[in-house]
file structure_15.cif (mmCIF, N, CA and C atoms and all ligand atoms)
data_target
loop_
_atom_site.label_atom_id
_atom_site.label_comp_id
_atom_site.auth_asym_id
_atom_site.auth_seq_id
_atom_site.Cartn_x
_atom_site.Cartn_y
_atom_site.Cartn_z
N MET A 1 169.77 83.47 230.70
CA MET A 1 168.65 82.64 231.10
C MET A 1 167.65 82.50 229.96
N SER A 2 167.23 81.28 229.72
CA SER A 2 166.29 81.05 228.63
C SER A 2 164.87 81.38 229.07
N GLU A 3 164.08 81.90 228.19
CA GLU A 3 162.69 82.21 228.52
C GLU A 3 161.79 80.98 228.44
N GLU A 4 162.31 79.88 227.94
CA GLU A 4 161.48 78.69 227.76
C GLU A 4 161.64 77.67 228.87
N THR A 5 162.38 77.97 229.94
CA THR A 5 162.71 76.98 230.96
C THR A 5 161.49 76.40 231.68
N ASP A 6 160.51 77.20 232.09
CA ASP A 6 159.38 76.69 232.87
C ASP A 6 158.11 76.46 232.06
N VAL A 7 158.20 76.45 230.81
CA VAL A 7 157.00 76.26 230.00
C VAL A 7 156.79 74.77 229.77
N SER A 8 155.66 74.25 230.30
CA SER A 8 155.35 72.84 230.07
C SER A 8 154.30 72.74 228.97
N PRO A 9 154.39 71.71 228.17
CA PRO A 9 153.42 71.59 227.07
C PRO A 9 152.04 71.22 227.61
N GLU A 10 151.00 71.81 227.07
CA GLU A 10 149.63 71.50 227.51
C GLU A 10 148.98 70.59 226.48
N SER A 11 148.11 69.73 227.00
CA SER A 11 147.36 68.87 226.09
C SER A 11 146.41 69.74 225.28
N PRO A 12 146.24 69.46 224.02
CA PRO A 12 145.31 70.27 223.20
C PRO A 12 143.86 70.06 223.64
N LEU A 13 143.58 68.97 224.40
CA LEU A 13 142.21 68.71 224.85
C LEU A 13 141.90 69.38 226.19
N GLN A 14 142.91 69.90 226.86
CA GLN A 14 142.72 70.49 228.19
C GLN A 14 142.05 71.86 228.06
N THR A 15 140.95 72.03 228.79
CA THR A 15 140.27 73.32 228.77
C THR A 15 140.77 74.16 229.93
N GLU A 16 140.36 75.42 229.98
CA GLU A 16 140.79 76.32 231.06
C GLU A 16 140.25 75.84 232.41
N ALA A 17 139.03 75.30 232.44
CA ALA A 17 138.44 74.82 233.68
C ALA A 17 139.22 73.63 234.23
N ASP A 18 139.72 72.79 233.37
CA ASP A 18 140.50 71.63 233.80
C ASP A 18 141.82 72.05 234.42
N ALA A 19 142.31 73.20 234.09
CA ALA A 19 143.60 73.65 234.58
C ALA A 19 143.57 73.91 236.09
N ASP A 20 142.39 74.18 236.67
CA ASP A 20 142.28 74.43 238.10
C ASP A 20 141.58 73.24 238.74
N PRO A 21 142.34 72.29 239.31
CA PRO A 21 141.73 71.06 239.82
C PRO A 21 140.98 71.25 241.14
N ALA A 22 141.32 72.26 241.93
CA ALA A 22 140.67 72.44 243.23
C ALA A 22 139.49 73.39 243.10
N PRO A 23 138.26 72.90 243.34
CA PRO A 23 137.10 73.81 243.27
C PRO A 23 137.10 74.76 244.46
N LEU A 24 136.53 75.91 244.26
CA LEU A 24 136.43 76.91 245.32
C LEU A 24 135.48 76.39 246.40
N THR A 25 135.88 76.50 247.66
CA THR A 25 134.99 76.09 248.76
C THR A 25 134.79 77.28 249.69
N ILE A 26 133.86 77.12 250.62
CA ILE A 26 133.57 78.20 251.58
C ILE A 26 134.80 78.50 252.43
N TYR A 27 135.66 77.49 252.64
CA TYR A 27 136.86 77.72 253.45
C TYR A 27 137.84 78.67 252.76
N ASP A 28 137.76 78.75 251.45
CA ASP A 28 138.61 79.69 250.72
C ASP A 28 138.09 81.11 250.85
N LEU A 29 136.83 81.24 251.28
CA LEU A 29 136.17 82.54 251.25
C LEU A 29 135.92 83.13 252.64
N LEU A 30 136.32 82.42 253.68
CA LEU A 30 135.96 82.84 255.04
C LEU A 30 136.41 84.26 255.38
N ASP A 31 137.53 84.71 254.81
CA ASP A 31 138.00 86.07 255.10
C ASP A 31 137.04 87.13 254.54
N GLU A 32 136.16 86.73 253.64
CA GLU A 32 135.28 87.70 253.00
C GLU A 32 133.94 87.84 253.69
N ILE A 33 133.69 87.02 254.71
CA ILE A 33 132.43 87.11 255.43
C ILE A 33 132.74 87.38 256.90
N SER A 34 132.03 88.33 257.47
CA SER A 34 132.34 88.64 258.87
C SER A 34 131.10 89.12 259.61
N ASN A 35 131.16 88.99 260.92
CA ASN A 35 130.10 89.46 261.80
C ASN A 35 130.38 90.94 262.09
N GLU A 36 129.57 91.80 261.54
CA GLU A 36 129.81 93.24 261.70
C GLU A 36 129.76 93.66 263.16
N ASN A 37 128.90 93.01 263.94
CA ASN A 37 128.84 93.36 265.36
C ASN A 37 130.16 93.01 266.05
N GLU A 38 130.76 91.91 265.66
CA GLU A 38 132.05 91.54 266.25
C GLU A 38 133.11 92.59 265.91
N THR A 39 133.17 92.97 264.66
CA THR A 39 134.14 93.97 264.23
C THR A 39 133.95 95.27 265.01
N ASP A 40 132.70 95.71 265.13
CA ASP A 40 132.43 96.99 265.81
C ASP A 40 132.66 96.89 267.32
N ILE A 41 132.33 95.74 267.91
CA ILE A 41 132.55 95.58 269.36
C ILE A 41 134.05 95.57 269.66
N LEU A 42 134.82 94.87 268.87
CA LEU A 42 136.28 94.86 269.09
C LEU A 42 136.85 96.27 268.99
N LYS A 43 136.39 97.02 268.00
CA LYS A 43 136.87 98.41 267.84
C LYS A 43 136.53 99.24 269.07
N LEU A 44 135.29 99.08 269.56
CA LEU A 44 134.87 99.90 270.69
C LEU A 44 135.56 99.48 272.00
N VAL A 45 135.75 98.19 272.20
CA VAL A 45 136.48 97.74 273.40
C VAL A 45 137.89 98.33 273.36
N TYR A 46 138.51 98.30 272.19
CA TYR A 46 139.85 98.87 272.06
C TYR A 46 139.82 100.38 272.34
N GLU A 47 138.81 101.05 271.78
CA GLU A 47 138.66 102.50 271.99
C GLU A 47 138.50 102.81 273.48
N TYR A 48 137.66 102.04 274.16
CA TYR A 48 137.46 102.24 275.60
C TYR A 48 138.74 101.95 276.38
N GLN A 49 139.50 100.98 275.93
CA GLN A 49 140.75 100.66 276.62
C GLN A 49 141.72 101.84 276.49
N VAL A 50 141.86 102.35 275.28
CA VAL A 50 142.76 103.48 275.04
C VAL A 50 142.33 104.70 275.86
N GLU A 51 141.02 104.89 275.96
CA GLU A 51 140.48 106.04 276.71
C GLU A 51 140.35 105.75 278.21
N GLU A 52 140.81 104.59 278.63
CA GLU A 52 140.78 104.16 280.03
C GLU A 52 139.37 104.18 280.63
N LYS A 53 138.41 103.72 279.83
CA LYS A 53 137.02 103.66 280.28
C LYS A 53 136.63 102.26 280.76
N LEU A 54 137.53 101.29 280.61
CA LEU A 54 137.20 99.93 281.04
C LEU A 54 137.37 99.81 282.55
N PRO A 55 136.55 98.97 283.20
CA PRO A 55 136.69 98.82 284.65
C PRO A 55 138.03 98.20 285.05
N CYS A 56 138.62 97.41 284.16
CA CYS A 56 139.93 96.78 284.41
C CYS A 56 140.51 96.41 283.05
N GLN A 57 141.83 96.46 282.94
CA GLN A 57 142.46 96.13 281.66
C GLN A 57 143.28 94.84 281.73
N CYS A 58 143.03 94.02 282.75
CA CYS A 58 143.78 92.75 282.80
C CYS A 58 143.24 91.81 281.71
N ARG A 59 144.02 90.79 281.45
CA ARG A 59 143.68 89.84 280.38
C ARG A 59 142.28 89.24 280.57
N GLU A 60 141.96 88.78 281.78
CA GLU A 60 140.67 88.14 282.03
C GLU A 60 139.52 89.10 281.79
N CYS A 61 139.67 90.33 282.27
CA CYS A 61 138.59 91.30 282.11
C CYS A 61 138.42 91.73 280.66
N LEU A 62 139.52 91.91 279.93
CA LEU A 62 139.42 92.25 278.50
C LEU A 62 138.65 91.16 277.77
N LEU A 63 138.99 89.91 278.05
CA LEU A 63 138.31 88.79 277.38
C LEU A 63 136.85 88.70 277.82
N ASP A 64 136.59 88.86 279.13
CA ASP A 64 135.21 88.76 279.62
C ASP A 64 134.34 89.88 279.07
N ILE A 65 134.85 91.10 279.06
CA ILE A 65 134.09 92.24 278.54
C ILE A 65 133.73 91.99 277.08
N THR A 66 134.71 91.54 276.32
CA THR A 66 134.48 91.31 274.90
C THR A 66 133.48 90.18 274.69
N ALA A 67 133.63 89.10 275.44
CA ALA A 67 132.71 87.96 275.28
C ALA A 67 131.28 88.34 275.68
N VAL A 68 131.14 89.05 276.80
CA VAL A 68 129.80 89.45 277.25
C VAL A 68 129.17 90.39 276.23
N ALA A 69 129.95 91.34 275.72
CA ALA A 69 129.42 92.28 274.72
C ALA A 69 129.04 91.55 273.43
N LEU A 70 129.86 90.59 273.01
CA LEU A 70 129.56 89.83 271.79
C LEU A 70 128.28 89.01 271.96
N ASN A 71 128.07 88.46 273.14
CA ASN A 71 126.86 87.67 273.38
C ASN A 71 125.62 88.55 273.55
N TYR A 72 125.81 89.80 273.83
CA TYR A 72 124.68 90.72 274.06
C TYR A 72 123.94 91.04 272.76
N LEU A 73 124.68 91.09 271.65
CA LEU A 73 124.06 91.43 270.36
C LEU A 73 123.97 90.19 269.47
N PRO A 74 122.93 90.11 268.65
CA PRO A 74 122.86 88.98 267.70
C PRO A 74 123.94 89.16 266.63
N PRO A 75 124.39 88.07 266.03
CA PRO A 75 125.38 88.22 264.96
C PRO A 75 124.79 88.97 263.77
N GLN A 76 125.63 89.68 263.06
CA GLN A 76 125.19 90.47 261.91
C GLN A 76 126.20 90.23 260.78
N TYR A 77 126.05 89.07 260.14
CA TYR A 77 127.03 88.70 259.12
C TYR A 77 126.78 89.43 257.81
N SER A 78 127.88 89.78 257.15
CA SER A 78 127.79 90.36 255.83
C SER A 78 129.04 89.99 255.05
N VAL A 79 128.95 90.19 253.75
CA VAL A 79 130.09 89.95 252.88
C VAL A 79 130.90 91.24 252.87
N SER A 80 132.18 91.12 253.17
CA SER A 80 133.00 92.31 253.42
C SER A 80 132.99 93.32 252.28
N ILE A 81 132.97 92.84 251.03
CA ILE A 81 133.03 93.81 249.94
C ILE A 81 131.75 94.63 249.83
N HIS A 82 130.66 94.13 250.42
CA HIS A 82 129.40 94.87 250.38
C HIS A 82 129.12 95.61 251.68
N ARG A 83 130.01 95.49 252.65
CA ARG A 83 129.72 95.92 254.01
C ARG A 83 129.11 97.32 254.14
N ASP A 84 129.76 98.32 253.66
CA ASP A 84 129.25 99.67 253.89
C ASP A 84 128.45 100.23 252.71
N LEU A 85 128.17 99.36 251.73
CA LEU A 85 127.47 99.86 250.55
C LEU A 85 126.02 100.22 250.83
N TYR A 86 125.37 99.43 251.68
CA TYR A 86 123.93 99.59 251.86
C TYR A 86 123.53 100.21 253.19
N ILE A 87 124.51 100.55 254.00
CA ILE A 87 124.16 101.08 255.32
C ILE A 87 124.01 102.61 255.24
N THR A 88 122.88 103.08 255.74
CA THR A 88 122.62 104.53 255.74
C THR A 88 123.31 105.15 256.95
N PRO A 89 123.51 106.45 256.95
CA PRO A 89 124.10 107.09 258.14
C PRO A 89 123.26 106.86 259.38
N GLU A 90 121.92 106.82 259.21
CA GLU A 90 121.03 106.59 260.35
C GLU A 90 121.23 105.18 260.92
N ALA A 91 121.34 104.21 260.01
CA ALA A 91 121.55 102.83 260.45
C ALA A 91 122.91 102.69 261.12
N LYS A 92 123.89 103.41 260.60
CA LYS A 92 125.24 103.36 261.18
C LYS A 92 125.22 103.94 262.60
N ALA A 93 124.49 105.04 262.78
CA ALA A 93 124.38 105.66 264.10
C ALA A 93 123.64 104.74 265.05
N ALA A 94 122.58 104.08 264.55
CA ALA A 94 121.81 103.16 265.39
C ALA A 94 122.69 101.98 265.81
N ARG A 95 123.52 101.49 264.90
CA ARG A 95 124.41 100.38 265.24
C ARG A 95 125.41 100.81 266.31
N ARG A 96 125.91 102.02 266.18
CA ARG A 96 126.87 102.53 267.17
C ARG A 96 126.22 102.54 268.57
N VAL A 97 124.96 102.96 268.63
CA VAL A 97 124.23 102.99 269.91
C VAL A 97 124.11 101.57 270.47
N GLU A 98 123.76 100.61 269.61
CA GLU A 98 123.63 99.21 270.05
C GLU A 98 124.96 98.65 270.55
N VAL A 99 126.00 98.94 269.81
CA VAL A 99 127.33 98.42 270.18
C VAL A 99 127.79 99.06 271.49
N GLU A 100 127.54 100.35 271.65
CA GLU A 100 127.90 101.02 272.91
C GLU A 100 127.12 100.43 274.08
N ALA A 101 125.83 100.14 273.85
CA ALA A 101 125.01 99.54 274.90
C ALA A 101 125.58 98.18 275.29
N ALA A 102 126.00 97.41 274.31
CA ALA A 102 126.56 96.09 274.57
C ALA A 102 127.86 96.19 275.38
N VAL A 103 128.73 97.10 275.01
CA VAL A 103 130.02 97.23 275.70
C VAL A 103 129.80 97.80 277.11
N LEU A 104 128.90 98.75 277.25
CA LEU A 104 128.63 99.30 278.58
C LEU A 104 128.01 98.25 279.50
N HIS A 105 127.09 97.46 278.95
CA HIS A 105 126.49 96.35 279.71
C HIS A 105 127.60 95.39 280.17
N ALA A 106 128.50 95.06 279.27
CA ALA A 106 129.60 94.14 279.58
C ALA A 106 130.52 94.73 280.65
N CYS A 107 130.81 96.02 280.54
CA CYS A 107 131.69 96.67 281.52
C CYS A 107 131.05 96.62 282.91
N GLU A 108 129.75 96.89 282.99
CA GLU A 108 129.05 96.85 284.28
C GLU A 108 129.08 95.45 284.88
N LYS A 109 128.79 94.47 284.03
CA LYS A 109 128.75 93.08 284.49
C LYS A 109 130.11 92.63 285.02
N VAL A 110 131.17 92.96 284.30
CA VAL A 110 132.52 92.54 284.71
C VAL A 110 132.98 93.35 285.93
N LYS A 111 132.56 94.61 286.00
CA LYS A 111 132.93 95.45 287.16
C LYS A 111 132.34 94.86 288.45
N ILE A 112 131.07 94.42 288.36
CA ILE A 112 130.39 93.84 289.53
C ILE A 112 130.99 92.50 289.92
N ARG A 113 131.32 91.69 288.91
CA ARG A 113 131.81 90.33 289.19
C ARG A 113 133.03 90.00 288.33
N PRO A 114 134.17 90.59 288.63
CA PRO A 114 135.38 90.28 287.85
C PRO A 114 135.92 88.88 288.15
N HIS A 115 136.57 88.29 287.17
CA HIS A 115 137.16 86.96 287.37
C HIS A 115 138.66 87.02 287.62
N HIS A 116 139.22 88.21 287.82
CA HIS A 116 140.67 88.31 288.06
C HIS A 116 141.00 88.08 289.52
ZN ZN B 201 140.67 92.52 285.63
#
call {"tool": "encode", "arguments": {"input": "structure_15.cif", "output": "structure tokens", "more": "lines below"}}
Ligand SMILES: [Zn+2]
result
Amino acid sequence: MSEETDVSPESPLQTEADADPAPLTIYDLLDEISNENETDILKLVYEYQVEEKLPCQCRECLLDITAVALNYLPPQYSVSIHRDLYITPEAKAARRVEVEAAVLHACEKVKIRPHH
């Protein structure tokens, strides 16, 4: 096999920036930004499910509990690579309390009025 098979000649006027025709957009970066409350609520709902602390584990109740808990807290967006860099242990503990309050509130609401 020849080493020269896929080498195409470049114009001497072409710069490195010209070589990438598609500019970076926010849609290319969406995986790097996330709502920390959403991440933490999903983790806790899963934890409660595994520990059998949810009032019901049917599809409707899982979705309702998660939606109610997500709506209970304001969004907390951050860039994923910076996520845990600036959070103190105290702030992390406070967030855990807020997330637990949201999930417990959701569990109570769904327990009283399930849609299944
Ligand atoms: Zn249910």
call {"tool": "atom_distance", "arguments": {"input": "structure_15.cif", "atom1": "atom CA of Lys111 of chain A", "atom2": "atom CA of Ser34 of chain A"}}
result
29.1 Å
call {"tool": "closest_atom_pairs", "arguments": {"input": "structure_15.cif", "of": "chain A", "to": "ligand ZN 201 (chain B)", "cutoff": "8 Å", "atoms": "only C-alpha atoms and all ligand atoms", "output": "JSON lines"}}
result
{"residue": "A:Pro55", "atom": "CA", "partner": "B:ZN201", "partner_atom": "ZN", "distance": 7.5}
{"residue": "A:Cys56", "atom": "CA", "partner": "B:ZN201", "partner_atom": "ZN", "distance": 4.5}
{"residue": "A:Gln57", "atom": "CA", "partner": "B:ZN201", "partner_atom": "ZN", "distance": 5.7}
{"residue": "A:Cys58", "atom": "CA", "partner": "B:ZN201", "partner_atom": "ZN", "distance": 4.2}
{"residue": "A:Arg59", "atom": "CA", "partner": "B:ZN201", "partner_atom": "ZN", "distance": 6.6}
{"residue": "A:Glu60", "atom": "CA", "partner": "B:ZN201", "partner_atom": "ZN", "distance": 5.7}
{"residue": "A:Cys61", "atom": "CA", "partner": "B:ZN201", "partner_atom": "ZN", "distance": 4.3}
{"residue": "A:Leu62", "atom": "CA", "partner": "B:ZN201", "partner_atom": "ZN", "distance": 7.2}
{"residue": "A:Pro114", "atom": "CA", "partner": "B:ZN201", "partner_atom": "ZN", "distance": 6.2}
{"residue": "A:His115", "atom": "CA", "partner": "B:ZN201", "partner_atom": "ZN", "distance": 6.8}
{"residue": "A:His116", "atom": "CA", "partner": "B:ZN201", "partner_atom": "ZN", "distance": 4.9}
call {"tool": "write_last_selection", "arguments": {"input": "structure_15.cif", "atoms": "N, CA and C atoms", "output": "PDB file, in the frame of the given file"}}
result
ATOM      1  N   PRO A  55     136.550  98.970 283.200  1.00  0.00           N
ATOM      2  CA  PRO A  55     136.690  98.820 284.650  1.00  0.00           C
ATOM      3  C   PRO A  55     138.030  98.200 285.050  1.00  0.00           C
ATOM      4  N   CYS A  56     138.620  97.410 284.160  1.00  0.00           N
ATOM      5  CA  CYS A  56     139.930  96.780 284.410  1.00  0.00           C
ATOM      6  C   CYS A  56     140.510  96.410 283.050  1.00  0.00           C
ATOM      7  N   GLN A  57     141.830  96.460 282.940  1.00  0.00           N
ATOM      8  CA  GLN A  57     142.460  96.130 281.660  1.00  0.00           C
ATOM      9  C   GLN A  57     143.280  94.840 281.730  1.00  0.00           C
ATOM     10  N   CYS A  58     143.030  94.020 282.750  1.00  0.00           N
ATOM     11  CA  CYS A  58     143.780  92.750 282.800  1.00  0.00           C
ATOM     12  C   CYS A  58     143.240  91.810 281.710  1.00  0.00           C
ATOM     13  N   ARG A  59     144.020  90.790 281.450  1.00  0.00           N
ATOM     14  CA  ARG A  59     143.680  89.840 280.380  1.00  0.00           C
ATOM     15  C   ARG A  59     142.280  89.240 280.570  1.00  0.00           C
ATOM     16  N   GLU A  60     141.960  88.780 281.780  1.00  0.00           N
ATOM     17  CA  GLU A  60     140.670  88.140 282.030  1.00  0.00           C
ATOM     18  C   GLU A  60     139.520  89.100 281.790  1.00  0.00           C
ATOM     19  N   CYS A  61     139.670  90.330 282.270  1.00  0.00           N
ATOM     20  CA  CYS A  61     138.590  91.300 282.110  1.00  0.00           C
ATOM     21  C   CYS A  61     138.420  91.730 280.660  1.00  0.00           C
ATOM     22  N   LEU A  62     139.520  91.910 279.930  1.00  0.00           N
ATOM     23  CA  LEU A  62     139.420  92.250 278.500  1.00  0.00           C
ATOM     24  C   LEU A  62     138.650  91.160 277.770  1.00  0.00           C
ATOM     25  N   PRO A 114     134.170  90.590 288.630  1.00  0.00           N
ATOM     26  CA  PRO A 114     135.380  90.280 287.850  1.00  0.00           C
ATOM     27  C   PRO A 114     135.920  88.880 288.150  1.00  0.00           C
ATOM     28  N   HIS A 115     136.570  88.290 287.170  1.00  0.00           N
ATOM     29  CA  HIS A 115     137.160  86.960 287.370  1.00  0.00           C
ATOM     30  C   HIS A 115     138.660  87.020 287.620  1.00  0.00           C
ATOM     31  N   HIS A 116     139.220  88.210 287.820  1.00  0.00           N
ATOM     32  CA  HIS A 116     140.670  88.310 288.060  1.00  0.00           C
ATOM     33  C   HIS A 116     141.000  88.080 289.520  1.00  0.00           C
TER      34      HIS A 116
END
call {"tool": "residues_around", "arguments": {"input": "structure_15.cif", "residues": "segment 93-105 of chain A", "least_positions_apart": "6", "cutoff": "12 Å", "atoms": "only C-alpha atoms", "output": "number ranges by chain"}}
result
A: 36-49, 53-55, 62-76, 87, 111-112
call {"tool": "select_by_dssp", "arguments": {"input": "structure_15.cif", "residues": "segment 31-101 of chain A", "states": "strand (DSSP E)", "output": "list in words"}}
result
Ile33, Ser34, Asn35, Tyr77, Ser78 and Val79 of chain A
call {"tool": "atom_distance", "arguments": {"input": "structure_15.cif", "atom1": "atom N of Asp31 of chain A", "atom2": "atom C of Val79 of chain A"}}
result
9.5 Å
call {"tool": "select_by_dssp", "arguments": {"input": "structure_15.cif", "residues": "chain A", "states": "helix (DSSP H, G or I)", "output": "JSON, numbers by chain"}}
result
{"A": [17, 18, 19, 26, 27, 28, 30, 31, 32, 36, 37, 38, 39, 40, 41, 42, 43, 44, 45, 46, 47, 48, 49, 50, 59, 60, 61, 62, 63, 64, 65, 66, 67, 68, 69, 70, 71, 72, 80, 81, 82, 89, 90, 91, 92, 93, 94, 95, 96, 97, 98, 99, 100, 101, 102, 103, 104, 105, 106, 107, 108, 109, 110, 111, 112]}
call {"tool": "closest_residue", "arguments": {"input": "structure_15.cif", "among": "A:Ile33, A:Glu108, A:Arg113, A:Asp28", "to": "Ile81 of chain A", "atoms": "only N, CA and C atoms"}}
result
A:Ile33
call {"tool": "atom_distance", "arguments": {"input": "structure_15.cif", "atom1": "atom CA of Glu52 of chain A", "atom2": "atom CA of Val110 of chain A"}}
result
15.0 Å
